[in-house]
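Trainee: If you scroll down you'll find the structure; I have some questions about it.
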Amino acid sequence: MMGIEANTFSIVGRCARTGELGVAVASAVPAVGAICPYVRPGVGAVTTQSWVNPYLAITILDALADGANAETALARAIESDSEAGLRQVGVVDAMGGSAVWTGESCTTWHDSKTGDDFSAQGNMLTGPDVIAALAATFEANPQDSLAERLLKCLEAAQAVGGDKRGKQAAGLLVFGSEAYAKVDLRVDEDPAPIARLRETYEIAKLQLMPFVEGMPKRDAPSAFPPSVMELLLKSPPERPGGGGSDQP
């Protein structure tokens with residue numbers, strides 16, 4: 001069984017300043033953010049796409065946790081997959097090493113580019129400008145938070161073409177040092193998913209991220225400031241950034 005086909009474009013990245021790891025992905029397949037990105041804090045980040053094989057991502061992350069680097073972990077996983085020709089996989093390890101695999105049977109146009117702290121990849125694309133935009137945008141914005149940086153990559157890639165079938169879904173997943181995600185946002189069905197993801201992200205910065213920041217940490221209890229509690233007692237349209245509805 002080959003798995004779910006997710007012809008798509010994505011960027012896997014690490015922030016050298018903070019050690020955060022994340023994946024941003026977009027596709028003309030619903031809920032792509034639920035099936036492609038895998039991140040393990042302090043270990044690595046992976047995207048599995050084309051004909052998705054989640055076990056490749058799990059195998060890679062296990063290998064990284066055992067001390068392998070991105071290239072070695074990816075090579076071992078690909079060797080174990082009898083249908084590797086159908087896969088596209090991008091990997092970044094906790095030290096910023098990167099690796100990518102694109103099988104010969106992935107749908108054209110497909111390609112990838114890796115560098116320090118990132119792997120950019122895609123298949124069924126409008127052309128090479130998509131990969132170039134992902135890579136160039138990541139390298140041009142090291143001052144940004146990792147979530148912002150990855151989202152800018154999706155926006156730049158979409159601006160030059162994206163998935164040649166159209167648009168439907170996008171996702172953004174970032175982990176810091178905690179066992180839970182720092183940012184986990186998805187647009188699962190929308191005619192302009194990256195634009196909607198940007199809108200969601202901007203509201204989340206004002207309404208969700210202060211809440212997440214107050215959640216328990218590995219070495220500290222929760223610490224919700226009164227301002228966050230007051231914020232979340234309001235109806236969504238009354239909060240900074242608005243959004244949502246005030247109707248029960």
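Residues are referred to by chain and number: the chain letter is A, B, ... according to the order shown in the structure tokens, the number counts from 1 in that chain, and ligands are numbered separately from 1 in the order shown.
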Can you list, as number ranges by chain, every residue of stretch 10-247 of chain A that DSSP puts in alpha helix (DSSP H)?
Mentor: A: 32-35, 54-65, 70-79, 129-140, 146-159, 193-207, 209-213, 226-233
Trainee: Would you export the selected residues with C-alpha atoms as an mmCIF file, in the first residue's frame, please?
Mentor:
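Result file selection.cif:
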data_model
loop_
_atom_site.group_PDB
_atom_site.id
_atom_site.type_symbol
_atom_site.label_atom_id
_atom_site.label_comp_id
_atom_site.auth_asym_id
_atom_site.auth_seq_id
_atom_site.Cartn_x
_atom_site.Cartn_y
_atom_site.Cartn_z
ATOM 1 C CA VAL A 32 -1.756 18.340 4.222
ATOM 2 C CA GLY A 33 -0.532 19.846 7.497
ATOM 3 C CA ALA A 34 -1.867 16.781 9.304
ATOM 4 C CA ILE A 35 -0.067 14.130 7.248
ATOM 5 C CA PRO A 54 4.645 8.335 7.922
ATOM 6 C CA TYR A 55 6.861 5.440 9.000
ATOM 7 C CA LEU A 56 9.768 6.965 7.092
ATOM 8 C CA ALA A 57 9.482 10.093 9.236
ATOM 9 C CA ILE A 58 9.238 8.060 12.435
ATOM 10 C CA THR A 59 12.229 5.913 11.447
ATOM 11 C CA ILE A 60 14.284 8.995 10.620
ATOM 12 C CA LEU A 61 13.479 10.727 13.897
ATOM 13 C CA ASP A 62 14.319 7.571 15.843
ATOM 14 C CA ALA A 63 17.674 7.395 14.074
ATOM 15 C CA LEU A 64 18.378 11.059 14.776
ATOM 16 C CA ALA A 65 17.540 10.495 18.440
ATOM 17 C CA ALA A 70 20.306 13.900 8.748
ATOM 18 C CA GLU A 71 22.011 12.248 5.770
ATOM 19 C CA THR A 72 22.599 8.942 7.526
ATOM 20 C CA ALA A 73 19.119 8.786 9.048
ATOM 21 C CA LEU A 74 17.471 9.494 5.699
ATOM 22 C CA ALA A 75 19.614 6.985 3.813
ATOM 23 C CA ARG A 76 18.813 4.208 6.284
ATOM 24 C CA ALA A 77 15.098 4.915 6.087
ATOM 25 C CA ILE A 78 15.019 5.018 2.291
ATOM 26 C CA GLU A 79 16.875 1.709 2.087
ATOM 27 C CA ASP A 129 11.133 29.070 -9.256
ATOM 28 C CA VAL A 130 9.109 27.485 -6.444
ATOM 29 C CA ILE A 131 12.106 25.704 -4.896
ATOM 30 C CA ALA A 132 14.352 28.713 -5.485
ATOM 31 C CA ALA A 133 11.880 30.967 -3.657
ATOM 32 C CA LEU A 134 11.622 28.612 -0.675
ATOM 33 C CA ALA A 135 15.390 28.417 -0.258
ATOM 34 C CA ALA A 136 16.179 32.073 -0.909
ATOM 35 C CA THR A 137 13.490 33.292 1.467
ATOM 36 C CA PHE A 138 14.651 31.028 4.280
ATOM 37 C CA GLU A 139 18.254 32.172 3.902
ATOM 38 C CA ALA A 140 17.265 35.854 3.668
ATOM 39 C CA LEU A 146 11.259 30.285 12.829
ATOM 40 C CA ALA A 147 7.481 30.293 12.407
ATOM 41 C CA GLU A 148 7.547 33.654 10.633
ATOM 42 C CA ARG A 149 10.477 32.581 8.503
ATOM 43 C CA LEU A 150 8.787 29.370 7.359
ATOM 44 C CA LEU A 151 5.514 31.130 6.618
ATOM 45 C CA LYS A 152 7.344 33.717 4.504
ATOM 46 C CA CYS A 153 8.834 30.822 2.543
ATOM 47 C CA LEU A 154 5.383 29.473 1.687
ATOM 48 C CA GLU A 155 4.200 32.935 0.659
ATOM 49 C CA ALA A 156 7.199 33.455 -1.606
ATOM 50 C CA ALA A 157 6.822 30.032 -3.213
ATOM 51 C CA GLN A 158 3.126 30.556 -3.853
ATOM 52 C CA ALA A 159 3.819 33.956 -5.406
ATOM 53 C CA PRO A 193 -4.796 28.457 2.118
ATOM 54 C CA ILE A 194 -1.487 30.269 2.567
ATOM 55 C CA ALA A 195 -3.193 33.650 2.795
ATOM 56 C CA ARG A 196 -5.641 32.173 5.308
ATOM 57 C CA LEU A 197 -2.755 30.618 7.228
ATOM 58 C CA ARG A 198 -1.141 34.059 7.451
ATOM 59 C CA GLU A 199 -4.404 35.531 8.816
ATOM 60 C CA THR A 200 -4.663 32.723 11.340
ATOM 61 C CA TYR A 201 -1.036 33.135 12.374
ATOM 62 C CA GLU A 202 -1.409 36.880 12.974
ATOM 63 C CA ILE A 203 -4.429 36.298 15.217
ATOM 64 C CA ALA A 204 -2.662 33.419 16.967
ATOM 65 C CA LYS A 205 0.272 35.684 17.820
ATOM 66 C CA LEU A 206 -2.107 37.929 19.754
ATOM 67 C CA GLN A 207 -4.556 35.416 21.209
ATOM 68 C CA MET A 209 0.737 32.332 21.722
ATOM 69 C CA PRO A 210 0.464 34.237 25.033
ATOM 70 C CA PHE A 211 -1.630 31.311 26.291
ATOM 71 C CA VAL A 212 0.932 28.734 25.102
ATOM 72 C CA GLU A 213 3.723 30.752 26.679
ATOM 73 C CA PRO A 226 -3.956 37.857 34.556
ATOM 74 C CA SER A 227 -3.933 39.719 31.235
ATOM 75 C CA VAL A 228 -4.102 36.432 29.309
ATOM 76 C CA MET A 229 -6.995 35.187 31.427
ATOM 77 C CA GLU A 230 -8.845 38.457 30.870
ATOM 78 C CA LEU A 231 -8.160 38.276 27.142
ATOM 79 C CA LEU A 232 -9.594 34.802 26.707
ATOM 80 C CA LEU A 233 -12.757 35.609 28.678
#
Trainee: Give one line per residue of stretch 119-143 of chain A that approaches stretch 9-18 of chain A to at most 7 Å, naming the two atoms of the closest pair and their distance in Å to one decimal, counting only C-alpha atoms; sort by chain then ascending residue number and deliver it as CSV.
Mentor:
residue,atom,partner,partner_atom,distance
A:Ser119,CA,A:Val12,CA,5.2
A:Ala120,CA,A:Ile11,CA,4.5
A:Gln121,CA,A:Ser10,CA,5.6
A:Gly122,CA,A:Phe9,CA,3.9
A:Asn123,CA,A:Phe9,CA,6.5
A:Leu134,CA,A:Ile11,CA,6.7
Trainee: Could those selected residues go to a file with C-alpha atoms, as a PDB file, in the first residue's frame?
Mentor:
ATOM      1  CA  SER A 119      15.636  21.523   3.249  1.00  0.00           C
ATOM      2  CA  ALA A 120      13.261  22.835   0.546  1.00  0.00           C
ATOM      3  CA  GLN A 121      11.407  20.349  -1.660  1.00  0.00           C
ATOM      4  CA  GLY A 122       8.380  19.960  -3.872  1.00  0.00           C
ATOM      5  CA  ASN A 123       6.733  17.901  -6.573  1.00  0.00           C
ATOM      6  CA  LEU A 134      11.622  28.612  -0.675  1.00  0.00           C
TER       7      LEU A 134
END
Trainee: Near A:Thr107, within 12 Å and counting only C-alpha atoms, which residues show up once chain neighbours fewer than 3 positions away are dropped, as number ranges by chain?
Mentor: A: 5-8, 49-51, 85-88, 102-104, 110-111, 122-127, 163-165
